[in-house]
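Have a look at the structure below before the remarks.
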Amino acid sequence: MTDLVTITRAPDDAWWRVAFGDGRANILDRATLDALYQVFNEAAATPRVAAVLLEGRGGQFSYGASVREHLPDQVRAMFDALREFTDALLRSRVVVVAAVRGRCLGAGLEVASLCHRIVADAHAELGQPEIMLGVFPPLASLLLPGRIGRARAEQLCLTGRVLGAGEALDWGLIDQVATDDPAVAAETW
């Protein structure tokens, strides 16, 4: 696909394993969001695809959106790219499972929350730290109440709190803690 997103396809094309990012922080910048947009548009156009496993490369899911692209001259384009990707994922009609390793923060958690299921490793950290930068998490404020309830969503969004995998499971933020590789656990679900 691109250097930012790779697809590993099952032989019958029934499921795709999609890895994104640079393998370090897997920042969700416009280029990465555009590449993911293309993946989910392709999935929607491929009738045999039933499921997509979405994961960050390396040891992290994603540290979140590009802070640099939140500057006044770029923020509109960043939000447009996020909206377009979100629309493509939701229109794709495939089951999407997030395999979370390491940190899943900010826009990373927003993307994972768009998925039907979230499987995380035991050392995963999930949170919405945007408030620490003086901004709010737009998608999280809409998605998290449905996943974990309004009070807990507000706690995450208004305090910047980060949860470990066990607490995230207790809250209903994630669906499973994997004892080993969350991608393997997600594929066997």
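Chain labels follow the order of the structure tokens: the first chain is A, the next B, and so on; residue numbering restarts at 1 in every chain, and ligands are counted from 1 in their shown order.
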Write out as an mmCIF file with C-alpha atoms, in the first residue's frame all residues of region 27-122 of chain A that DSSP puts in helix (DSSP H, G or I) for this structure's backbone.
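The resulting selection-v1.cif:
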data_model
loop_
_atom_site.group_PDB
_atom_site.id
_atom_site.type_symbol
_atom_site.label_atom_id
_atom_site.label_comp_id
_atom_site.auth_asym_id
_atom_site.auth_seq_id
_atom_site.Cartn_x
_atom_site.Cartn_y
_atom_site.Cartn_z
ATOM 1 C CA ARG A 30 -2.837 13.423 7.682
ATOM 2 C CA ALA A 31 -0.722 11.162 5.469
ATOM 3 C CA THR A 32 -1.391 8.119 7.680
ATOM 4 C CA LEU A 33 -5.100 8.909 7.943
ATOM 5 C CA ASP A 34 -5.279 9.301 4.156
ATOM 6 C CA ALA A 35 -3.587 5.909 3.688
ATOM 7 C CA LEU A 36 -6.022 4.280 6.152
ATOM 8 C CA TYR A 37 -8.899 5.975 4.314
ATOM 9 C CA GLN A 38 -7.743 4.280 1.105
ATOM 10 C CA VAL A 39 -7.513 0.889 2.859
ATOM 11 C CA PHE A 40 -11.089 1.029 4.117
ATOM 12 C CA ASN A 41 -12.397 2.270 0.774
ATOM 13 C CA GLU A 42 -10.678 -0.717 -0.824
ATOM 14 C CA ALA A 43 -12.147 -3.036 1.817
ATOM 15 C CA ALA A 44 -15.615 -1.709 1.054
ATOM 16 C CA ALA A 45 -15.062 -2.429 -2.639
ATOM 17 C CA ARG A 68 2.111 19.865 14.829
ATOM 18 C CA GLU A 69 -0.921 19.390 12.572
ATOM 19 C CA HIS A 70 -3.138 20.884 15.282
ATOM 20 C CA VAL A 75 -5.979 21.845 12.085
ATOM 21 C CA ARG A 76 -8.883 22.022 9.608
ATOM 22 C CA ALA A 77 -7.086 19.695 7.185
ATOM 23 C CA MET A 78 -6.245 17.329 10.073
ATOM 24 C CA PHE A 79 -9.877 17.144 11.201
ATOM 25 C CA ASP A 80 -11.023 16.664 7.586
ATOM 26 C CA ALA A 81 -8.620 13.732 7.184
ATOM 27 C CA LEU A 82 -9.840 12.201 10.454
ATOM 28 C CA ARG A 83 -13.481 12.614 9.406
ATOM 29 C CA GLU A 84 -12.860 11.090 5.968
ATOM 30 C CA PHE A 85 -11.067 8.091 7.482
ATOM 31 C CA THR A 86 -13.812 7.657 10.088
ATOM 32 C CA ASP A 87 -16.491 7.750 7.390
ATOM 33 C CA ALA A 88 -14.616 5.198 5.265
ATOM 34 C CA LEU A 89 -14.169 2.829 8.217
ATOM 35 C CA LEU A 90 -17.822 3.049 9.194
ATOM 36 C CA ARG A 91 -19.024 2.634 5.571
ATOM 37 C CA ALA A 107 -6.637 9.926 18.435
ATOM 38 C CA GLY A 108 -5.195 6.411 18.715
ATOM 39 C CA LEU A 109 -7.865 5.550 21.274
ATOM 40 C CA GLU A 110 -10.473 7.316 19.153
ATOM 41 C CA VAL A 111 -9.537 5.098 16.199
ATOM 42 C CA ALA A 112 -9.550 1.961 18.375
ATOM 43 C CA SER A 113 -12.957 2.989 19.781
ATOM 44 C CA LEU A 114 -14.362 3.052 16.248
#
Could you produce a table of the residues of region 40-88 of chain A lying within 12 Å of region 9-20 of chain A, with the nearest pair of atoms per residue and their separation in Å rounded to one decimal, using only C-alpha atoms, ordered by chain and increasing residue number, as a tab-separated table?
residue	atom	partner	partner_atom	distance
A:Phe40	CA	A:Val18	CA	9.9
A:Glu42	CA	A:Trp16	CA	11.0
A:Ala43	CA	A:Trp16	CA	8.6
A:Thr46	CA	A:Asp13	CA	8.4
A:Pro47	CA	A:Ala14	CA	8.7
A:Arg48	CA	A:Ala14	CA	5.3
A:Val49	CA	A:Ala14	CA	4.3
A:Ala50	CA	A:Ala14	CA	5.3
A:Ala51	CA	A:Trp15	CA	4.7
A:Val52	CA	A:Trp16	CA	4.8
A:Leu53	CA	A:Arg17	CA	4.7
A:Leu54	CA	A:Val18	CA	5.0
A:Glu55	CA	A:Ala19	CA	4.9
A:Gly56	CA	A:Phe20	CA	5.0
A:Arg57	CA	A:Ala19	CA	5.6
A:Gly58	CA	A:Ala19	CA	9.1
A:Gly59	CA	A:Ala19	CA	11.6
A:Gln60	CA	A:Phe20	CA	10.4
A:Phe61	CA	A:Phe20	CA	8.6
A:Ser62	CA	A:Phe20	CA	9.0
Would you output that residue set with N, CA and C atoms, as a short mmCIF file (atom, residue, chain, number, x, y, z; two decimals), in the first residue's frame?
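So the final result, stored in selection.cif, reads:
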data_model
loop_
_atom_site.label_atom_id
_atom_site.label_comp_id
_atom_site.auth_asym_id
_atom_site.auth_seq_id
_atom_site.Cartn_x
_atom_site.Cartn_y
_atom_site.Cartn_z
N PHE A 40 -9.69 1.37 3.83
CA PHE A 40 -11.09 1.03 4.12
C PHE A 40 -12.00 1.26 2.92
N GLU A 42 -10.96 0.52 -0.08
CA GLU A 42 -10.68 -0.72 -0.82
C GLU A 42 -11.41 -1.90 -0.19
N ALA A 43 -11.43 -1.95 1.14
CA ALA A 43 -12.15 -3.04 1.82
C ALA A 43 -13.63 -3.02 1.46
N THR A 46 -14.21 -4.59 -1.88
CA THR A 46 -13.78 -5.98 -2.03
C THR A 46 -14.78 -6.87 -1.31
N PRO A 47 -15.71 -7.49 -2.06
CA PRO A 47 -16.81 -8.21 -1.43
C PRO A 47 -16.40 -9.34 -0.49
N ARG A 48 -15.27 -9.98 -0.73
CA ARG A 48 -14.87 -11.12 0.09
C ARG A 48 -14.35 -10.71 1.47
N VAL A 49 -13.96 -9.46 1.66
CA VAL A 49 -13.40 -9.03 2.95
C VAL A 49 -14.51 -8.98 3.99
N ALA A 50 -14.33 -9.76 5.04
CA ALA A 50 -15.31 -9.79 6.13
C ALA A 50 -14.78 -9.10 7.38
N ALA A 51 -13.44 -9.08 7.55
CA ALA A 51 -12.88 -8.51 8.78
C ALA A 51 -11.52 -7.88 8.51
N VAL A 52 -11.23 -6.85 9.30
CA VAL A 52 -9.93 -6.19 9.27
C VAL A 52 -9.39 -6.14 10.69
N LEU A 53 -8.15 -6.58 10.83
CA LEU A 53 -7.43 -6.43 12.08
C LEU A 53 -6.56 -5.19 11.94
N LEU A 54 -6.76 -4.22 12.80
CA LEU A 54 -6.04 -2.95 12.72
C LEU A 54 -5.04 -2.88 13.87
N GLU A 55 -3.77 -2.62 13.55
CA GLU A 55 -2.73 -2.55 14.58
C GLU A 55 -1.70 -1.50 14.21
N GLY A 56 -1.09 -0.94 15.24
CA GLY A 56 0.06 -0.07 15.03
C GLY A 56 1.29 -0.94 14.84
N ARG A 57 2.24 -0.45 14.08
CA ARG A 57 3.49 -1.19 13.91
C ARG A 57 4.32 -1.12 15.19
N GLY A 58 5.07 -2.15 15.43
CA GLY A 58 5.99 -2.14 16.57
C GLY A 58 5.28 -2.33 17.89
N GLY A 59 5.81 -1.72 18.93
CA GLY A 59 5.33 -1.95 20.28
C GLY A 59 4.24 -1.03 20.76
N GLN A 60 3.74 -0.13 19.91
CA GLN A 60 2.70 0.82 20.31
C GLN A 60 1.54 0.76 19.32
N PHE A 61 0.33 1.04 19.82
CA PHE A 61 -0.78 1.22 18.89
C PHE A 61 -0.64 2.60 18.26
N SER A 62 -0.76 3.65 19.07
CA SER A 62 -0.56 5.01 18.56
C SER A 62 -0.51 5.98 19.74
#
Q. Separation of CA of Ala124 (chain A) and CA of Val97 (chain A), in Å?
A. 15.6 Å
(Q) DSSP on the backbone: which residues in chain A end up as strand (DSSP E or B)? Give the answer as a PyMOL selection string. (A) chain A and resi 5-9+15-20+28+51-56+62+65+95-100+103-105+117-121+125-127+162-164+176-178
(Q) So, with only C-alpha atoms as the atoms that count, which of A:Gly23, A:Gly102, A:Pro182, A:Gly127 lies closest to Ala153 (chain A)? (A)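 That would be A:Gly127, the residue with the smallest distance to Ala153 (chain A).
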Q) Any idea what the distance is between CA of Gly160 (chain A) and CA of Arg147 (chain A)? A) 17.3 Å
Q) What is the CA of Glu167 (chain A) to CA of Val119 (chain A) distance in Å? A) 13.4 Å
